[in-house]
There are 4 protein chains.
Amino acid sequence: MSTNERRKKEIKEMKQEIIEAAVQLFLSDGYENVSMRKIAKKIQYSPTAIYNYFASKEEILKQLLMNGYSIFLNSLKEGVAKSEEDALSRLKASLNAYIHFGLSHPDYYRLIFIENLHLLQKIIIDEDDRTKGFQLLTELVAEAMNEGVLKKNEVQLVSQSLWASLHGITALLITFPDFGWSDFDGLIRFQVEAMIKGVS
Amino acid sequence: MSTNERRKKEIKEMKQEIIEAAVQLFLSDGYENVSMRKIAKKIQYSPTAIYNYFASKEEILKQLLMNGYSIFLNSLKEGVAKSEEDALSRLKASLNAYIHFGLSHPDYYRLIFIENLHLLQKIIIDEDDRTKGFQLLTELVAEAMNEGVLKKNEVQLVSQSLWASLHGITALLITFPDFGWSDFDGLIRFQVEAMIKGVS
Amino acid sequence: MSTNERRKKEIKEMKQEIIEAAVQLFLSDGYENVSMRKIAKKIQYSPTAIYNYFASKEEILKQLLMNGYSIFLNSLKEGVAKSEEDALSRLKASLNAYIHFGLSHPDYYRLIFIENLHLLQKIIIDEDDRTKGFQLLTELVAEAMNEGVLKKNEVQLVSQSLWASLHGITALLITFPDFGWSDFDGLIRFQVEAMIKGVS
Amino acid sequence: MSTNERRKKEIKEMKQEIIEAAVQLFLSDGYENVSMRKIAKKIQYSPTAIYNYFASKEEILKQLLMNGYSIFLNSLKEGVAKSEEDALSRLKASLNAYIHFGLSHPDYYRLIFIENLHLLQKIIIDEDDRTKGFQLLTELVAEAMNEGVLKKNEVQLVSQSLWASLHGITALLITFPDFGWSDFDGLIRFQVEAMIKGVS
DNA sequence: CATGAATGAGTGTTCATTCAT
DNA sequence: TATGAATGAACACTCATTCAT
């Protein structure tokens with residue numbers, strides 16, 4: 001590994017370290033309350049050091065969001081890829097993958113789907129990135145309708161309804177983890193079945 | 001009315017004025033960006049005056065939350081009361097009332113169900129208040145099962161699933177109002193029908 | 001004196017105190033290096049206290065400039081008023097008053113006539129205020145020409161030349177007080193005489 | 001050219017590049033707002049690279065000042081050299097050269113004669129350098145007196161008065177370029193004539 | 001010779017809050 | 001009850017400079 005490569009890797013690592021700290025703080029303190037100082041303290045650096053890696057606080061959040069989108073999309077795709085059988089299985093797999101992403105990365109899920117609003121007024125993200133996940137869902141729904149395993153209906157309408165139910169279970173579990181949920185896994189299974197049945 | 005009573009009423013009015021200003025600012029500026037100064041400016045008082053009515057910023061938010069719960073519960077109850085026929089109608093009415101509350105009071109809905117987490121770490125709210133709405137839903141579900149219009153099943157499980165789907169559609173519409181939703185009302189109707197069908 | 005009047009006066013005093021500190025610091029540290037913190041330290045207040053009296057740093061400087069203009073104009077007028085005899089005396093009196101203002105208020109003189117440039121790009125001051133002094137000079141020159149004690153010539157040209165020579169002696173004495181000037185007062189007298197002779 | 005000599009030249013070139021960038025920035029952004037970062041950016045080097053050529057920001061400014069003095073003196077000398085006839089012509093030539101220097105190098109003029117004060121508190125410059133220009137003027141004045149074209153008088157007094165008037169016209173034109181000056185060139189000619197007449 | 005990393009001090013400003021009146 | 005004055009902490013960010021490489 002050349003010195004150059006070494007350095008490059010270190011930069012990446014440092015950037016990652018910063019982002020990870022930012023994500024964690026975001027989760028615990030709320031987006032607006034994460035300050036450069038706090039991030040710096042968490043990684044044991046001076047506040048100014050961060051500016052060697054990110055031009056501004058906004059830049060950190062931008063990168064952080066893009067990370068989230070990337071993980072989100074990959075999670076969905078991987079989930080679908082694993083079950084290549086029939087259209088319905090693939091659709092179910094995507095629904096489960098969505099929920100699973102949320103529960104595995106609650107911080108990113110919040111960032112992307114829950115606290116989104118005020119962020120996006122300032123930070124312009126490639127719109128495609130945000131909707132690619134939904135597009136994937138739409139395709140799977142259309143596929144399932146074509147194969148006759150889902151009642152023919154307006155694809156958009158059905159997809160949006162499914163997204164809504166997905167978001168509901170994911171967001172609630174993340175936001176109120178201490179609510180007396182009757183068996184996490186059972187609830188999720190039930191919800192997915194109910195969703196499919198509801199639009200069948 | 002005694003002087004004492006009179007004063008009490010004035011205090012209430014002032015408190016209400018403060019809270020209303022806070023809610024509006026919360027809606028327009030985002031929760032974290034609402035400051036005592038801004039609230040005070042909005043109601044044309046000095047920042048310090050507010051401290052005569054609320055001990056701290058937190059106290060305002062607490063009261064504000066309680067107001068929200070109150071409106072939420074009343075909305076649900078009113079929705080149900082209007083349709084006193086059969087259990088299924090009553091259940092559907094409650095589902096619609098829930099969504100309607102969210103869309104009519106997006107600020108309160110966000111406060112109670114979306115941005116909840118960080119607030120609750122500091123502000124301890126009577127847990128009952130938060131769950132009364134869910135209890136109402138549970139009762140209606142049980143009722144519907146008893147009347148045979150809903151498949152007998154674990155009441156808790158079904159109720160939680162329904163809440164999730166309710167929250168999903170409501171939160172998404174609030175958080176992403178500019179997403180290309182296919183006909184707001186149509187989507188809501190579809191979602192409610194799918195929810196019922198899903199758990200039937 | 002009513003409480004109100006008392007308070008008003010205190011506010012004025014505090015404002016004055018702030019401005020005086022600012023002027024002094026400006027003189028010793030240079031305009032760009034005067035910070036709110038330094039001003040605050042000088043008057044033994046917290047940096048934030050200043051914001052109760054001035055909305056911003058710019059606001060302080062604006063006020064400070066306006067003070068300077070006011071003193072400048074008054075100095076000129078007073079100087080002229082004292083010698084009401086003939087036009088030439090009045091003109092000479094104004095020239096002496098100009099220099100005297102500069103030497104009595106070197107800080108303000110610098111602010112208005114020396115370091116002006118970058119300030120005024122941001123702070124917009126009523127243009128009239130800046131040029132009233134020059135207008136007064138112009139009037140006195142015209143008067144002197146009319147009375148025949150000054151050679152008829154372009155009033156603007158002569159006035160501008162006189163202003164230049166006035167500024168030169170004033171600015172040099174302020175900027176280089178330790179240069180080996182041959183007798184301050186003698187030099188000033190000589191300069192004024194030379195100026196008059198030069199345009200006669 | 002030996003390697004050593006070569007290196008020396010490269011160092012000089014780099015130093016010159018830095019100084020030129022600094023001068024330009026000083027002119028456009030104002031002296032206090034020129035930072036090492038900005039200088040480095042302008043010449044496409046890293047901020048730290050500069051420290052190989054100048055020990056500090058102050059050092060740059062010192063060199064910059066010395067450059068200015070050098071140009072100033074040369075300008076004066078050249079101006080005088082061109083008109084070698086009689087003493088009065090030579091004196092006038094020097095006056096015009098002074099003003100011309102100021103208008104051709106407003107940035108240097110400001111540095112040397114206008115904003116001088118605060119710099120000099122920190123940067124100690126060989127006093128001779130600063131006063132050589134004035135000495136030249138003094139010599140020309142003495143010469144003119146000796147030749148009888150200027151009234152015999154205290155050489156110092158007359159020279160200082162002349163310098164003042166020179167500085168006045170130059171500084172005003174630089175500091176207030178947008179003031180409604182009645183024909184730049186005409187004003188300068190008038191001023192020089194008035195100055196000579198004033199001390200004749 | 002040149003650079004990226006890092007830092008402590010400093011910038012103007014906002015904030016929630018306390019206190020005397 | 002209401003307010004103006006005041007403050008310490010915090011904010012994002014810039015700066016001149018040092019150091020190891």
# chains A, B, ... in the order shown; residues from 1 in each chain; ligands from 1
call {"tool": "residues_around", "arguments": {"residues": "region 12-21 of chain E", "least_positions_apart": "2", "cutoff": "9 Å", "atoms": "only C-alpha atoms (C1' of nucleotides)", "output": "JSON, numbers by chain"}}
result
{"B": [35, 36, 37, 48, 56, 57], "C": [35, 36, 48, 56, 57], "F": [3, 5, 6, 7, 9, 10, 11]}
call {"tool": "closest_atom_pairs", "arguments": {"of": "chain B", "to": "chain F", "cutoff": "9 Å", "atoms": "only C-alpha atoms (C1' of nucleotides)", "output": "CSV"}}
result
residue,atom,partner,partner_atom,distance
B:Tyr45,CA,F:DA2,C1',8.6
B:Ser46,CA,F:DT3,C1',6.7
B:Pro47,CA,F:DT3,C1',8.9
B:Thr48,CA,F:DT3,C1',7.1
B:Ala49,CA,F:DA2,C1',5.7
B:Asn52,CA,F:DT1,C1',7.8
call {"tool": "atom_distance", "arguments": {"atom1": "CA of Leu95 (chain B)", "atom2": "CA of Val23 (chain B)"}}
result
24.8 Å
call {"tool": "calpha_fit_rmsd", "arguments": {"fixed": "chain B", "moving": "chain A"}}
result
1.0 Å
call {"tool": "interface_residues", "arguments": {"of": "chain E", "to": "chain A", "cutoff": "12 Å", "atoms": "only C-alpha atoms (C1' of nucleotides)", "output": "list of chain:residue names"}}
result
E:DG4, E:DA5, E:DA6, E:DT7, E:DG8, E:DA9
call {"tool": "residues_around", "arguments": {"residues": "Leu150 (chain B)", "least_positions_apart": "4", "cutoff": "9 Å", "atoms": "only C-alpha atoms (C1' of nucleotides)", "output": "list in words"}}
result
Leu88, Val141, Ala142, Glu143, Ala144, Met145, Asn146, Ile196, Val199 and Ser200 of chain B
call {"tool": "write_last_selection", "arguments": {"atoms": "C-alpha atoms", "output": "PDB file, in the first residue's frame"}}
result
ATOM      1  CA  LEU B  88     -67.652  -2.279  12.409  1.00  0.00           C
ATOM      2  CA  VAL B 141     -61.607  -3.993  18.038  1.00  0.00           C
ATOM      3  CA  ALA B 142     -62.702  -6.282  20.849  1.00  0.00           C
ATOM      4  CA  GLU B 143     -66.261  -5.167  20.372  1.00  0.00           C
ATOM      5  CA  ALA B 144     -66.112  -5.919  16.668  1.00  0.00           C
ATOM      6  CA  MET B 145     -64.714  -9.357  17.330  1.00  0.00           C
ATOM      7  CA  ASN B 146     -67.419 -10.033  19.847  1.00  0.00           C
ATOM      8  CA  ILE B 196     -60.099  -3.808   7.704  1.00  0.00           C
ATOM      9  CA  VAL B 199     -57.449  -8.147   9.722  1.00  0.00           C
ATOM     10  CA  SER B 200     -60.785  -9.666   8.840  1.00  0.00           C
TER      11      SER B 200
END
call {"tool": "closest_atom_pairs", "arguments": {"of": "chain C", "to": "chain D", "cutoff": "6 Å", "atoms": "only C-alpha atoms", "output": "tab-separated table"}}
result
residue	atom	partner	partner_atom	distance
C:Ser161	CA	D:Gln191	CA	5.6
C:Ala164	CA	D:Gly168	CA	4.4
C:Ser165	CA	D:Ser165	CA	4.3
C:His167	CA	D:Gly168	CA	5.0
C:Gly168	CA	D:Gly168	CA	3.4
C:Ile169	CA	D:Ala164	CA	4.6
C:Gln191	CA	D:Ser161	CA	5.6
C:Ala194	CA	D:Gly198	CA	4.0
C:Met195	CA	D:Gly198	CA	5.8
C:Lys197	CA	D:Gly198	CA	4.9
C:Gly198	CA	D:Gly198	CA	3.9
C:Val199	CA	D:Ala194	CA	5.7
call {"tool": "closest_residue", "arguments": {"among": "B:Ser159, B:Phe184, B:Asp86, B:Ile60", "to": "His100 (chain B)", "atoms": "only C-alpha atoms"}}
result
B:Phe184
call {"tool": "select_by_dssp", "arguments": {"residues": "region 9-198 of chain A", "states": "helix (DSSP H, G or I)", "output": "count of residues only"}}
result
153
call {"tool": "decode", "arguments": {"residues": "region 131-152 of chain D", "atoms": "N, CA, C and O atoms", "output": "mmCIF file, in the first residue's frame"}}
result
data_model
loop_
_atom_site.group_PDB
_atom_site.id
_atom_site.type_symbol
_atom_site.label_atom_id
_atom_site.label_comp_id
_atom_site.auth_asym_id
_atom_site.auth_seq_id
_atom_site.Cartn_x
_atom_site.Cartn_y
_atom_site.Cartn_z
ATOM 1 N N THR D 131 11.511 58.039 5.525
ATOM 2 C CA THR D 131 11.656 59.489 5.438
ATOM 3 C C THR D 131 12.526 59.940 4.274
ATOM 4 O O THR D 131 12.635 61.140 4.007
ATOM 5 N N LYS D 132 13.097 58.981 3.564
ATOM 6 C CA LYS D 132 13.946 59.353 2.435
ATOM 7 C C LYS D 132 13.195 60.187 1.412
ATOM 8 O O LYS D 132 13.750 61.112 0.809
ATOM 9 N N GLY D 133 11.932 59.831 1.237
ATOM 10 C CA GLY D 133 11.124 60.587 0.276
ATOM 11 C C GLY D 133 11.003 62.038 0.708
ATOM 12 O O GLY D 133 11.186 62.964 -0.094
ATOM 13 N N PHE D 134 10.749 62.221 1.990
ATOM 14 C CA PHE D 134 10.607 63.583 2.502
ATOM 15 C C PHE D 134 11.931 64.339 2.412
ATOM 16 O O PHE D 134 11.958 65.537 2.120
ATOM 17 N N GLN D 135 13.000 63.626 2.649
ATOM 18 C CA GLN D 135 14.318 64.265 2.552
ATOM 19 C C GLN D 135 14.568 64.780 1.140
ATOM 20 O O GLN D 135 15.103 65.871 0.939
ATOM 21 N N LEU D 136 14.161 63.973 0.179
ATOM 22 C CA LEU D 136 14.316 64.389 -1.215
ATOM 23 C C LEU D 136 13.575 65.699 -1.456
ATOM 24 O O LEU D 136 14.098 66.639 -2.051
ATOM 25 N N LEU D 137 12.347 65.735 -0.947
ATOM 26 C CA LEU D 137 11.539 66.950 -1.091
ATOM 27 C C LEU D 137 12.256 68.136 -0.441
ATOM 28 O O LEU D 137 12.372 69.229 -1.025
ATOM 29 N N THR D 138 12.749 67.886 0.748
ATOM 30 C CA THR D 138 13.457 68.939 1.473
ATOM 31 C C THR D 138 14.627 69.490 0.663
ATOM 32 O O THR D 138 14.831 70.713 0.569
ATOM 33 N N GLU D 139 15.369 68.585 0.080
ATOM 34 C CA GLU D 139 16.525 69.017 -0.718
ATOM 35 C C GLU D 139 16.097 69.875 -1.901
ATOM 36 O O GLU D 139 16.720 70.906 -2.207
ATOM 37 N N LEU D 140 15.042 69.460 -2.547
ATOM 38 C CA LEU D 140 14.563 70.222 -3.709
ATOM 39 C C LEU D 140 14.068 71.607 -3.285
ATOM 40 O O LEU D 140 14.255 72.597 -3.997
ATOM 41 N N VAL D 141 13.436 71.656 -2.138
ATOM 42 C CA VAL D 141 12.960 72.941 -1.633
ATOM 43 C C VAL D 141 14.142 73.865 -1.336
ATOM 44 O O VAL D 141 14.172 75.043 -1.743
ATOM 45 N N ALA D 142 15.143 73.297 -0.654
ATOM 46 C CA ALA D 142 16.328 74.086 -0.320
ATOM 47 C C ALA D 142 16.995 74.616 -1.585
ATOM 48 O O ALA D 142 17.365 75.803 -1.684
ATOM 49 N N GLU D 143 17.095 73.729 -2.541
ATOM 50 C CA GLU D 143 17.676 74.077 -3.823
ATOM 51 C C GLU D 143 16.934 75.253 -4.458
ATOM 52 O O GLU D 143 17.546 76.238 -4.919
ATOM 53 N N ALA D 144 15.616 75.128 -4.470
ATOM 54 C CA ALA D 144 14.804 76.175 -5.089
ATOM 55 C C ALA D 144 14.968 77.502 -4.356
ATOM 56 O O ALA D 144 14.981 78.576 -4.967
ATOM 57 N N MET D 145 15.098 77.426 -3.067
ATOM 58 C CA MET D 145 15.317 78.664 -2.297
ATOM 59 C C MET D 145 16.676 79.270 -2.637
ATOM 60 O O MET D 145 16.805 80.463 -2.828
ATOM 61 N N ASN D 146 17.650 78.400 -2.713
ATOM 62 C CA ASN D 146 18.996 78.868 -3.034
ATOM 63 C C ASN D 146 19.034 79.523 -4.405
ATOM 64 O O ASN D 146 19.710 80.519 -4.616
ATOM 65 N N GLU D 147 18.304 78.968 -5.334
ATOM 66 C CA GLU D 147 18.282 79.544 -6.677
ATOM 67 C C GLU D 147 17.372 80.763 -6.742
ATOM 68 O O GLU D 147 17.176 81.351 -7.799
ATOM 69 N N GLY D 148 16.709 81.064 -5.644
ATOM 70 C CA GLY D 148 15.900 82.265 -5.585
ATOM 71 C C GLY D 148 14.515 82.148 -6.190
ATOM 72 O O GLY D 148 13.776 83.122 -6.275
ATOM 73 N N VAL D 149 14.167 80.960 -6.618
ATOM 74 C CA VAL D 149 12.822 80.812 -7.211
ATOM 75 C C VAL D 149 11.763 80.548 -6.145
ATOM 76 O O VAL D 149 10.577 80.456 -6.452
ATOM 77 N N LEU D 150 12.217 80.401 -4.942
ATOM 78 C CA LEU D 150 11.270 80.206 -3.837
ATOM 79 C C LEU D 150 11.727 81.125 -2.713
ATOM 80 O O LEU D 150 12.918 81.223 -2.426
ATOM 81 N N LYS D 151 10.739 81.777 -2.099
ATOM 82 C CA LYS D 151 11.074 82.708 -1.041
ATOM 83 C C LYS D 151 11.889 82.013 0.052
ATOM 84 O O LYS D 151 11.549 80.921 0.479
ATOM 85 N N LYS D 152 12.979 82.671 0.484
ATOM 86 C CA LYS D 152 13.773 82.089 1.561
ATOM 87 C C LYS D 152 12.896 81.975 2.803
ATOM 88 O O LYS D 152 12.206 82.916 3.199
#
